Amino acid sequence: MNSYNPNENEAKWQKAWRESGIFKADLENSERPKYYNLTMFPYPSGDKLHIGHWYNYAPVDTWGRYMKMKGFEVFQPMGFDSFGLPAENYAIKTGVHPAETTRTNIDKMKEQIAAIGGMYDLDLNLETSSPEYYKWTQWVFLQLYKNGLAERREAPVNWCTSCQTVLANEQVVEGICERCKNEVIRKNLTQWFFKITDYAEQLLDYEGLDWPEKTIAMQKNWIGKSEGVNINFKIADSEDSLTCYTTRPDTLYSVTFMVIAPEHPLVEKFISGTEYEKEVRKVTKEIQGQTDIERTSTGGKDKLGAYIGVDVINPANGEKIPVYIANFALMYGTGVVMADAHDERDFEFAQKYDIPLKFVVSEDGSEIDPKDFDEAYVDDGILFNSGEFTGMNNREALPKMAEWIEKDGFGEKTINFRLRDWLISRQRYWGAPIPIIYCEKCGEVPVPEEDLPVVHPHIEDYVPKGQSPLAGAEDFVNVNCPKCDSAAKREVDTMDTFVCSSWYFLRYPDAMNSAKAWEKEHANKWMPVDMYIGGPEHACMHLLYARFIHKAMNNFGFVDSKEPFKRLVHQGMVTKDGAKMSKSKGNVVSPDEFVEKYGSDVFRMYLMFMGPFTDGGDWNDQGITGVARFVDRFFRMMQIDGEADDALVHGAVKRAGEAVEKMNFNIAIAALMELTNSTFKTGMNTGQKEMVVRVLAPLAPHLAEEIWEMLGHKESVFLAEWPEADEKFLVTDSVTYAVQVNGKLRATLELAKELGKEEALEAARSLENVAKYLKDADVKKEIFVPGKIIGFVV
RNA sequence: GCCGAAGUGGCGGAAUUGGUAGACGCGCGGGACUCAAAAUCCCGUUCCUCUAGGGGAGUGUGGGUUCGAUUCCCACCUUCGGCACCA
């Protein structure tokens with residue numbers, strides 16, 4: 001009997017697959033139904049492919065192979081999300097150009113992906129940093145621009161005064177620049193936004209999507225639709241007013257102060273030249289050293305703020321109340337918040353700055369005083385001291401008060417979203433240039449589509465000097481205006497890499513031919529993606545951006561599907577010693593040595609056998625020998641001629657098949673192990689072997705091909721049909737009952753399937769270990785669950 | 001802090017709709033083969049208790065519903081993901 005040699009065998013089949021092109025999808029005229037099986041493409045990091053990537057790509061490939069055997073034309077492309085910050089940071093540190101490191105990393109990762117022996121089509125060569133690709137990223141930008149979804153506004157960035165550069169959040173550690181350890185400030189720059197908020201309502205519609213409930217919940221919360229009221233507070237001794245948004249107009253009578261974001265444009269106007277200016281500026285600076293999370297957390301960080309010397313009138317009771325800047329007021333929406341004793345943060349703030357507070361809601365409507373409390377009263381209850389609303393339940397009063405506010409003309413009902421517009425400008429070198437030209441006469445001019453791509457200049461000096469590195473490339477910056485031909489300058493910022501990754505699935509079908517235009521027909525043939533598998537960390541950003549761009553493209557008429565990803569599944573994260581793998585922690589585990597030692601089949605099966613792939617887990621190679629043993633044992637078992645019990649074989653085929661269908665690959669493998677343990681003694685006949693090896697095929701493709709060939713087949717096992725168990729072997733005439741007394745198991749009993757309740761109970765009563773509990777006892781209840789349980793309650 | 005998950009033997013994990021907790025694998029113990037070792041094969045393996053048969057406890061913690069809860073409800077603890085410039 002021959003043992004299995006994985007390395008030799010895997011090389012043989014990978015070569016055969018490459019030569020026959022069996023896994024190349026026919027993108028044009030296949031008669032099989034299409035199946036677009038997609039994994040989130042990787043960033044070509046210096047860590048290369050680690051175990052986490054395999055943990056994603058192995059199940060995706062198993063699923064793709066399964067769908068192929070189910071009769072689909074499976075398109076399973078692979079590309080690289082190759083623009084991004086790490087390559088640029090590495091370049092600044094070492095002087096190696098990002099283009100060079102990106103190339104090296106991609107080439108190495110391609111080799112590693114090939115070693116999986118998957119169906120992934122790497123010949124598509126999709127790389128977001130190539131001009132063939134970013135030409136179309138720029139084209140997408142222009143479509144959004146033309147349709148009014150791209151515009152420039154001021155927005156703050158993290159600015160290191162010493163490095164003279166914008167920092168990513170990741171590079172700011174406790175308010176300090178990670179590189180030079182100097183102070184980081186917030187600085188306003190004019191930047192490009194995509195108006196994703198215009199699509200907020202549409203993005204809340206998940207009709208027809210097979211997505212995890214938790215992902216939908218997270219996105220919905222992220223979009224954060226709320227119904228509330230914009231209320232105008234007149235500024236005392238002035239004609240102007242401050243508008244705030246609130247979902248709790250029922251607490252209006254308790255409002256005793258207002259808070260405003262320190263970044264609010266009016267703050268500067270209010271304070272300049274006043275006695276409050278110095279203090280407000282000092283506190284503003286302090287606040288800007290905090291992250292948004294620190295600013296808005298309750299509990300933890302202290303509240304920070306200052307009076308700005310302005311008072312407004314509470315429109316409900318005419319009281320004059322002070323306005324403060326506060327760290328927890330962010331410059332989103334109106335940037336103004338009405339504050340009262342019924343909100344935790346407001347309460348804490350008022351306590352710190354000695355601002356008077358009032359309650360207007362209590363459990364039973366009796367008057368309570370904040371002085372007697374050390375925290376906010378946030379529960380619902382009955383209103384008091386609230387004019388005509390006194391005595392009402394606050395939740396019932398809420399819509400009535402909104403009506404009243406609107407009718408009396410000091411506010412209006414408003415729908416608000418937590419979602420913010422997407423800031424896409426990056427003051428960086430390694431990204432796709434934004435295709436805009438600034439002309440003194442014509443203003444902001446989009447680059448004509450026929451002039452795309454705006455080629456990213458190859459520069460040697462990408463060390464930041466106060467503005468985007470592209471500003472230093474004079475040949476790039478200086479250009480003639482496309483409209484009037486006079487001297488003009490290019491936009492020097494590049495696009496957020498999330499822009500590149502928010503439409504790549506639309507490019508794959510055309511990626512083979514780099515010159516090819518956007519072909520609606522092609523996009524329609526392959527979209528939407530039937531299965532999208534990637535990490536849950538992308539739930540709110542990438543997955544929302546991609547839906548937005550796709551919906552915009554649909555609205556512009558470039559693709560007919562309304563959603564990009566019909567079905568979504570998240571793989572879990574693989575950690576090492578409890579931490580996310582990263583070069584900086586030095587805990588990156590490479591798959592290479594395992595593939596070399598055990599082969600790709602064993603390694604991928606071990607990753608899937610570790611547990612449900614949607615769970616992830618901590619990496620440990622201890623159990624891999626179990627899978628390696630199984631592979632060898634299976635191979636030897638397949639050489640034994642004999643005959644196994646059909647009930648056993650068909651039962652395993654059914655169980656494993658159902659598990660694969662549900663993507664419970666660990667269970668599928670366990671079912672095959674169990675079967676192998678039995679058939680190792682009996683052997684199987686050819687028909688039985690042919691069934692079982694087809695079930696194994698998506699899990700261990702190389703091994704299955706070899707056995708399929710041994711069984712005399714000339715064509716690939718992946719051209720064979722997925723086997724279905726024959727039910728006739730699975731019917732049994734007896735079942736095992738668990739017999740319980742007071743819910744505790746006392747015996748088991750094998751009975752005929754069709755036996756009725758009375759006979760079954762009788763049989764159970766006569767069991768010795770049951771009878772002893774029933775004797776001298778009063779049987780209150782008898783339970784009979786057909787096929788499962790017989791129970792007595794005494 | 002907010003949003004979303006997850007906690008089951010020494011370890012990874014399994015368990016249709018509330019119905020025999022621990023499948024499968026690792027590890028460990030015992031045995032076979034061997035001069036020996038490796039490999040392989042066979043048996044056992046939640047814990048405690050006990051004379052065979054059994055008995056008791058047990059799915060993060062504390063309560064609850066139920067004849068019966070890993071599964072449903074309430075409160076809590078711990079760990080992980082995300083929080084808008086890492087991707």
# chains A, B, ... in the order shown; residues from 1 in each chain; ligands from 1

call {"tool": "residues_around", "arguments": {"residues": "C47 (chain B)", "least_positions_apart": "4", "cutoff": "12 Å", "atoms": "only C-alpha atoms (C1' of nucleotides)", "output": "list of chain:residue names"}}
result
B:G9, B:G10, B:G56, B:A57, B:G58

call {"tool": "residues_around", "arguments": {"residues": "Glu724 (chain A)", "least_positions_apart": "5", "cutoff": "8 Å", "atoms": "only C-alpha atoms (C1' of nucleotides)", "output": "VMD selection string"}}
result
chain A and resid 653 to 654 657

call {"tool": "atom_distance", "arguments": {"atom1": "CA of Phe417 (chain A)", "atom2": "CA of Glu227 (chain A)"}}
result
8.8 Å

call {"tool": "interface_residues", "arguments": {"of": "chain B", "to": "chain A", "cutoff": "9 Å", "atoms": "only C-alpha atoms (C1' of nucleotides)", "output": "list in words"}}
result
G1, C2, C3, G4, A5, A6, C11, G12, G13, A14, G19, U20, A23, C24, G25, C26, G27, C67, G68, C80, G81, G82, C83, A84, C85, C86 and A87 of chain B

call {"tool": "select_by_dssp", "arguments": {"residues": "region 183-303 of chain A", "states": "alpha helix (DSSP H)", "output": "ChimeraX atom specification"}}
result
/A:200-203,213-223,265-271,277-288,292-296

call {"tool": "residues_around", "arguments": {"residues": "Thr247 (chain A)", "least_positions_apart": "3", "cutoff": "12 Å", "atoms": "only C-alpha atoms (C1' of nucleotides)", "output": "MDAnalysis selection string"}}
result
chainID A and resid 225:231 244 250:252 337:338 343 395 398:399 401:402 412:417

call {"tool": "atom_distance", "arguments": {"atom1": "C1' of A15 (chain B)", "atom2": "C1' of U71 (chain B)"}}
result
9.9 Å

call {"tool": "residues_around", "arguments": {"residues": "Val74 (chain A)", "least_positions_apart": "4", "cutoff": "12 Å", "atoms": "only C-alpha atoms (C1' of nucleotides)", "output": "ChimeraX atom specification"}}
result
/A:22-27,30-38,60-70,119-121,526,529-531,718

call {"tool": "write_last_selection", "arguments": {"atoms": "C-alpha atoms", "output": "CSV table (one decimal), in the first residue's frame"}}
result
chain,number,residue,atom,x,y,z
A,22,ILE,CA,-9.8,24.3,-15.8
A,23,PHE,CA,-10.3,27.0,-13.2
A,24,LYS,CA,-10.4,30.0,-15.6
A,25,ALA,CA,-13.9,31.3,-15.6
A,26,ASP,CA,-15.4,31.8,-19.0
A,27,LEU,CA,-16.5,35.4,-18.6
A,30,SER,CA,-20.6,30.0,-20.4
A,31,GLU,CA,-23.9,28.1,-20.4
A,32,ARG,CA,-23.6,27.4,-16.7
A,33,PRO,CA,-25.1,29.9,-14.3
A,34,LYS,CA,-22.5,32.4,-13.1
A,35,TYR,CA,-21.2,32.5,-9.6
A,36,TYR,CA,-19.0,35.4,-8.5
A,37,ASN,CA,-17.1,34.1,-5.5
A,38,LEU,CA,-15.0,36.9,-4.0
A,60,VAL,CA,-13.3,30.8,0.0
A,61,ASP,CA,-11.6,28.3,-2.3
A,62,THR,CA,-13.3,25.3,-0.8
A,63,TRP,CA,-16.6,27.1,-1.3
A,64,GLY,CA,-15.7,28.0,-4.9
A,65,ARG,CA,-14.8,24.5,-5.7
A,66,TYR,CA,-18.0,23.2,-4.2
A,67,MET,CA,-20.1,25.7,-6.3
A,68,LYS,CA,-18.2,24.5,-9.4
A,69,MET,CA,-19.1,20.9,-8.6
A,70,LYS,CA,-22.7,22.1,-8.1
A,119,MET,CA,-8.9,28.4,-8.1
A,120,TYR,CA,-7.8,32.1,-7.7
A,121,ASP,CA,-7.1,33.8,-11.0
A,526,TRP,CA,-21.2,39.3,-13.4
A,529,VAL,CA,-21.0,39.4,-6.3
A,530,ASP,CA,-22.7,36.2,-5.2
A,531,MET,CA,-20.5,35.5,-2.2
A,718,PHE,CA,-14.0,19.1,-10.3

call {"tool": "select_by_dssp", "arguments": {"residues": "region 391-615 of chain A", "states": "strand (DSSP E)", "output": "PyMOL selection string"}}
result
chain A and resi 411-417+422-423+425-426+436-439+443-446+478-480+487-490+494-495+531-534+568-570+574-576+579-580

call {"tool": "residues_around", "arguments": {"residues": "G62 (chain B)", "least_positions_apart": "5", "cutoff": "12 Å", "atoms": "only C-alpha atoms (C1' of nucleotides)", "output": "JSON, numbers by chain"}}
result
{"B": [74, 75, 76, 77]}

call {"tool": "residues_around", "arguments": {"residues": "G60 (chain B)", "least_positions_apart": "5", "cutoff": "10 Å", "atoms": "only C-alpha atoms (C1' of nucleotides)", "output": "ChimeraX atom specification"}}
result
/B:7-8,77-78

call {"tool": "atom_distance", "arguments": {"atom1": "CA of Phe257 (chain A)", "atom2": "CA of Ala339 (chain A)"}}
result
5.4 Å

call {"tool": "closest_residue", "arguments": {"among": "A:Thr39, A:Asn125, A:Val479, A:Gly787", "to": "Lys753 (chain A)", "atoms": "only C-alpha atoms"}}
result
A:Gly787

call {"tool": "closest_residue", "arguments": {"among": "A:Glu151, A:Glu100, A:Asp485, A:Asp408", "to": "Pro315 (chain A)", "atoms": "only C-alpha atoms"}}
result
A:Asp408
